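Pasting coords-v8.csv here (CSV, C-alpha atoms):
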chain,number,residue,atom,x,y,z
Q,1,MET,CA,-98.8,46.9,-61.6
Q,2,THR,CA,-97.3,45.5,-58.4
Q,3,ALA,CA,-96.8,47.7,-55.4
Q,4,GLU,CA,-93.3,47.8,-54.1
Q,5,ALA,CA,-92.6,46.3,-50.7
Q,6,ARG,CA,-92.6,48.8,-47.8
Q,7,GLN,CA,-91.7,46.2,-45.1
Q,8,ILE,CA,-89.6,43.1,-44.7
Q,9,HIS,CA,-90.1,40.7,-41.8
Q,10,LEU,CA,-87.4,38.3,-40.7
Q,11,ARG,CA,-87.6,35.7,-37.9
Q,12,LEU,CA,-84.2,34.6,-36.8
Q,13,GLY,CA,-82.7,32.0,-34.5
Q,14,SER,CA,-79.6,32.9,-32.5
Q,15,ASP,CA,-77.2,32.2,-35.3
Q,16,GLU,CA,-74.8,34.9,-36.4
Q,17,ARG,CA,-74.7,33.4,-39.9
Q,18,LEU,CA,-78.1,35.0,-40.4
Q,19,LEU,CA,-76.9,38.5,-39.8
Q,20,GLY,CA,-76.0,39.0,-43.5
Q,21,ALA,CA,-79.7,38.6,-44.4
Q,22,VAL,CA,-80.6,41.3,-41.9
Q,23,SER,CA,-78.0,43.7,-43.4
Q,24,ILE,CA,-79.2,43.0,-46.9
Q,25,ALA,CA,-82.9,43.5,-46.1
Q,26,VAL,CA,-82.3,46.7,-44.1
Q,27,ALA,CA,-80.0,48.1,-46.8
Q,28,TRP,CA,-82.6,47.3,-49.5
Q,29,ILE,CA,-85.4,49.0,-47.6
Q,30,ALA,CA,-83.2,52.0,-47.0
Q,31,GLY,CA,-82.2,52.2,-50.6
Q,32,ARG,CA,-85.9,52.1,-51.7
Q,33,ALA,CA,-86.6,54.9,-49.2
Q,34,GLY,CA,-84.0,57.1,-50.9
Q,35,PHE,CA,-81.0,56.9,-48.5
Q,36,GLU,CA,-77.6,57.4,-50.0
Q,37,SER,CA,-75.2,54.4,-49.8
Q,38,ALA,CA,-73.4,55.5,-46.7
Q,39,ALA,CA,-76.7,56.0,-44.8
Q,40,GLN,CA,-77.8,52.5,-46.0
Q,41,ALA,CA,-74.6,51.0,-44.7
Q,42,ASP,CA,-74.9,52.8,-41.3
Q,43,LEU,CA,-78.5,51.6,-40.8
Q,44,ALA,CA,-77.6,48.0,-41.9
Q,45,ALA,CA,-74.6,47.9,-39.6
Q,46,ALA,CA,-76.7,49.2,-36.7
Q,47,ALA,CA,-79.4,46.6,-37.3
Q,48,GLU,CA,-76.8,43.8,-37.4
Q,49,GLU,CA,-75.1,45.1,-34.2
Q,50,ALA,CA,-78.5,45.3,-32.4
Q,51,CYS,CA,-79.3,41.7,-33.5
Q,52,ARG,CA,-76.0,40.4,-32.4
Q,53,ASP,CA,-76.5,42.1,-29.0
Q,54,THR,CA,-80.0,40.6,-28.7
Q,55,PHE,CA,-79.1,37.0,-29.4
Q,56,PRO,CA,-77.9,36.4,-25.8
Q,57,LEU,CA,-81.2,37.7,-24.5
Q,58,LEU,CA,-83.2,35.0,-26.3
Q,59,SER,CA,-84.3,32.1,-24.1
Q,60,THR,CA,-84.8,28.4,-24.8
Q,61,ASN,CA,-88.6,29.0,-24.3
Q,62,ALA,CA,-88.6,31.8,-26.9
Q,63,PRO,CA,-85.5,31.3,-29.1
Q,64,LEU,CA,-86.6,33.6,-32.0
Q,65,LEU,CA,-85.9,37.2,-32.8
Q,66,ASP,CA,-88.3,39.1,-35.0
Q,67,VAL,CA,-86.8,41.8,-37.2
Q,68,ASP,CA,-89.0,44.2,-39.1
Q,69,ALA,CA,-87.6,46.8,-41.5
Q,70,GLU,CA,-90.2,49.3,-42.7
Q,71,ARG,CA,-89.9,52.4,-44.8
Q,72,PHE,CA,-92.0,55.5,-44.4
Q,73,ALA,CA,-92.1,58.8,-46.3
Q,74,ASP,CA,-89.5,60.4,-44.0
Q,75,ARG,CA,-87.7,57.5,-42.3
Q,76,VAL,CA,-86.8,53.9,-42.0
Q,77,GLU,CA,-87.5,51.9,-38.8
Q,78,VAL,CA,-86.0,48.6,-37.9
Q,79,THR,CA,-87.8,46.9,-35.0
Q,80,LEU,CA,-86.3,44.0,-33.1
Q,81,GLU,CA,-88.8,42.1,-30.9
Q,82,HIS,CA,-88.0,39.2,-28.6
Q,83,HIS,CA,-89.5,37.2,-25.7
Q,84,GLY,CA,-86.6,36.5,-23.5
Q,85,VAL,CA,-84.7,38.5,-21.0
Q,86,MET,CA,-86.7,41.7,-20.6
Q,87,ARG,CA,-83.9,44.2,-21.4
Q,88,PRO,CA,-83.4,46.5,-24.4
Q,89,SER,CA,-81.3,45.3,-27.2
Q,90,ALA,CA,-79.8,48.7,-27.8
Q,91,GLY,CA,-79.7,52.2,-26.3
Q,92,LEU,CA,-78.7,53.8,-23.0
Q,93,GLU,CA,-80.1,51.0,-20.9
Q,94,SER,CA,-77.9,48.4,-22.5
Q,95,PHE,CA,-74.6,50.2,-22.5
Q,96,PHE,CA,-75.1,51.2,-18.8
Q,97,ALA,CA,-76.0,47.6,-17.9
Q,98,GLY,CA,-72.6,46.3,-17.0
Q,99,GLY,CA,-70.9,46.3,-20.4
Q,100,GLN,CA,-73.0,43.5,-21.8
Q,101,GLY,CA,-73.1,43.6,-25.6
Q,102,SER,CA,-71.4,46.1,-27.9
Q,103,SER,CA,-74.4,48.4,-28.3
Q,104,GLY,CA,-73.9,52.0,-27.2
Q,105,LEU,CA,-72.3,55.0,-28.7
Q,106,SER,CA,-71.3,53.3,-31.9
Q,107,LEU,CA,-74.9,52.1,-32.5
Q,108,LEU,CA,-76.4,55.5,-31.6
Q,109,ALA,CA,-73.9,57.2,-34.0
Q,110,ARG,CA,-75.4,55.3,-36.9
Q,111,VAL,CA,-79.1,56.0,-36.3
Q,112,ASP,CA,-81.1,59.1,-35.4
Q,113,ARG,CA,-83.1,57.6,-32.6
Q,114,VAL,CA,-83.5,54.4,-30.5
Q,115,GLN,CA,-86.8,53.6,-28.8
Q,116,TYR,CA,-87.5,50.8,-26.3
Q,117,ASN,CA,-90.8,49.4,-25.3
Q,118,SER,CA,-91.7,46.4,-23.2
Q,119,GLU,CA,-95.2,45.0,-22.9
Q,120,SER,CA,-97.0,41.7,-22.8
Q,121,GLY,CA,-93.8,39.8,-22.3
Q,122,ALA,CA,-92.1,41.2,-25.3
Q,123,SER,CA,-89.1,43.6,-25.6
Q,124,LYS,CA,-89.1,45.9,-28.6
Q,125,THR,CA,-86.2,48.0,-29.7
Q,126,THR,CA,-86.7,50.3,-32.7
Q,127,LEU,CA,-83.9,51.9,-34.6
Q,128,ILE,CA,-85.0,55.0,-36.5
Q,129,LYS,CA,-83.1,56.8,-39.3
Q,130,TYR,CA,-84.6,59.8,-40.9
Q,131,LEU,CA,-84.4,60.7,-44.6
Q,132,ARG,CA,-83.0,64.2,-44.9
Q,133,PRO,CA,-83.7,66.2,-48.0
Q,134,LEU,CA,-80.7,66.9,-50.2
Q,135,VAL,CA,-79.2,70.4,-49.9
Q,136,SER,CA,-80.0,71.0,-53.6
Q,137,GLU,CA,-83.7,70.2,-52.9
Q,138,MET,CA,-83.8,72.8,-50.1
Q,139,LEU,CA,-82.5,75.7,-52.4

Hey, can you dump this file as structure tokens for me?
Amino acid sequence: MTAEARQIHLRLGSDERLLGAVSIAVAWIAGRAGFESAAQADLAAAAEEACRDTFPLLSTNAPLLDVDAERFADRVEVTLEHHGVMRPSAGLESFFAGGQGSSGLSLLARVDRVQYNSESGASKTTLIKYLRPLVSEML
């Protein structure tokens, strides 16, 4: 018996043609976690948007973006990590930073939480979407 994957790791260059792979990977992990199709699509779109907004932050010395999609019992987390301009990919900091990128309210409407961490020269942005029990399960 083979254990089903709980995590997918992608390493991308700054090429928008690769965003389809991010969407597919995130939607697949979300589907395996039990999200309905609309929630899968929201999380996949949020991840794609965050990647698109991170590409300009990549530098020639560190031209790669690491994307990890991981499922847990109660949520899916998509983490973007880059070594470039030390600025969040998504969240309050980015849509108050002079209008750079499209992240902001549209991204935050698709996920439940956005976390940002910067340490050891790396910027990490984590998109979190929680799995909510169906109403029928609560009765």

I'd like the contact shell of Ile29 of chain Q - 12 Å cut-off, only C-alpha atoms, skipping same-chain residues fewer than 2 positions apart - returned as a PyMOL selection string. chain Q and resi 4-9+22-27+31-37+39-41+43-44+68-73+75-78+129

Test item: residues at most 8 Å from Asp74 of chain Q, only C-alpha atoms, excluding those fewer than 4 positions along its chain, as a VMD selection string: chain Q and resid 130 to 132

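Once segment 114-126 of chain Q and its same-chain neighbours fewer than 4 positions away are set aside, Val78, Thr79, Leu80, Glu81, His82, His83 and Met86 of chain Q remain within 6 Å of it when counting all atoms listed in the file.
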
Record the distance separating atom CA of Leu19 of chain Q and atom CA of Cys51 of chain Q, expressed in Å with one decimal.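 Atom-to-atom, atom CA of Leu19 of chain Q and atom CA of Cys51 of chain Q are spaced 7.5 Å apart.
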
Which residue out of Q:Arg110, Q:Ala62, Q:Asp15, Q:Ile128 has the minimum interatomic distance to Ala46 of chain Q when only C-alpha atoms are used?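 Residue with the minimum atom-to-atom distance to Ala46 of chain Q: Q:Arg110.
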
Restricting the calculation to all atoms listed in the file, which member of Q:Leu127, Q:Ala109, Q:Leu12, Q:Ala30 is positioned closest to Arg52 of chain Q?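 Ranked by minimum distance to Arg52 of chain Q, first place goes to Q:Leu12.
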
Separation of atom CA of Gly13 of chain Q from atom CA of Phe55 of chain Q, in Å and rounded to one decimal: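 So the two atoms, atom CA of Gly13 of chain Q and atom CA of Phe55 of chain Q, lie 8.0 Å apart.
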
Which distance in Å separates atom CA of Leu58 of chain Q and atom CA of Gly84 of chain Q, to one decimal?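 Computed distance, atom CA of Leu58 of chain Q to atom CA of Gly84 of chain Q, equals 4.7 Å.
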
Point out the residue among Q:Asp42, Q:Val85, Q:Val111, Q:Ala21 with the least atom-to-atom distance to Thr54 of chain Q, counting only C-alpha atoms.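 So, comparing all the options, the nearest one is Q:Val85.
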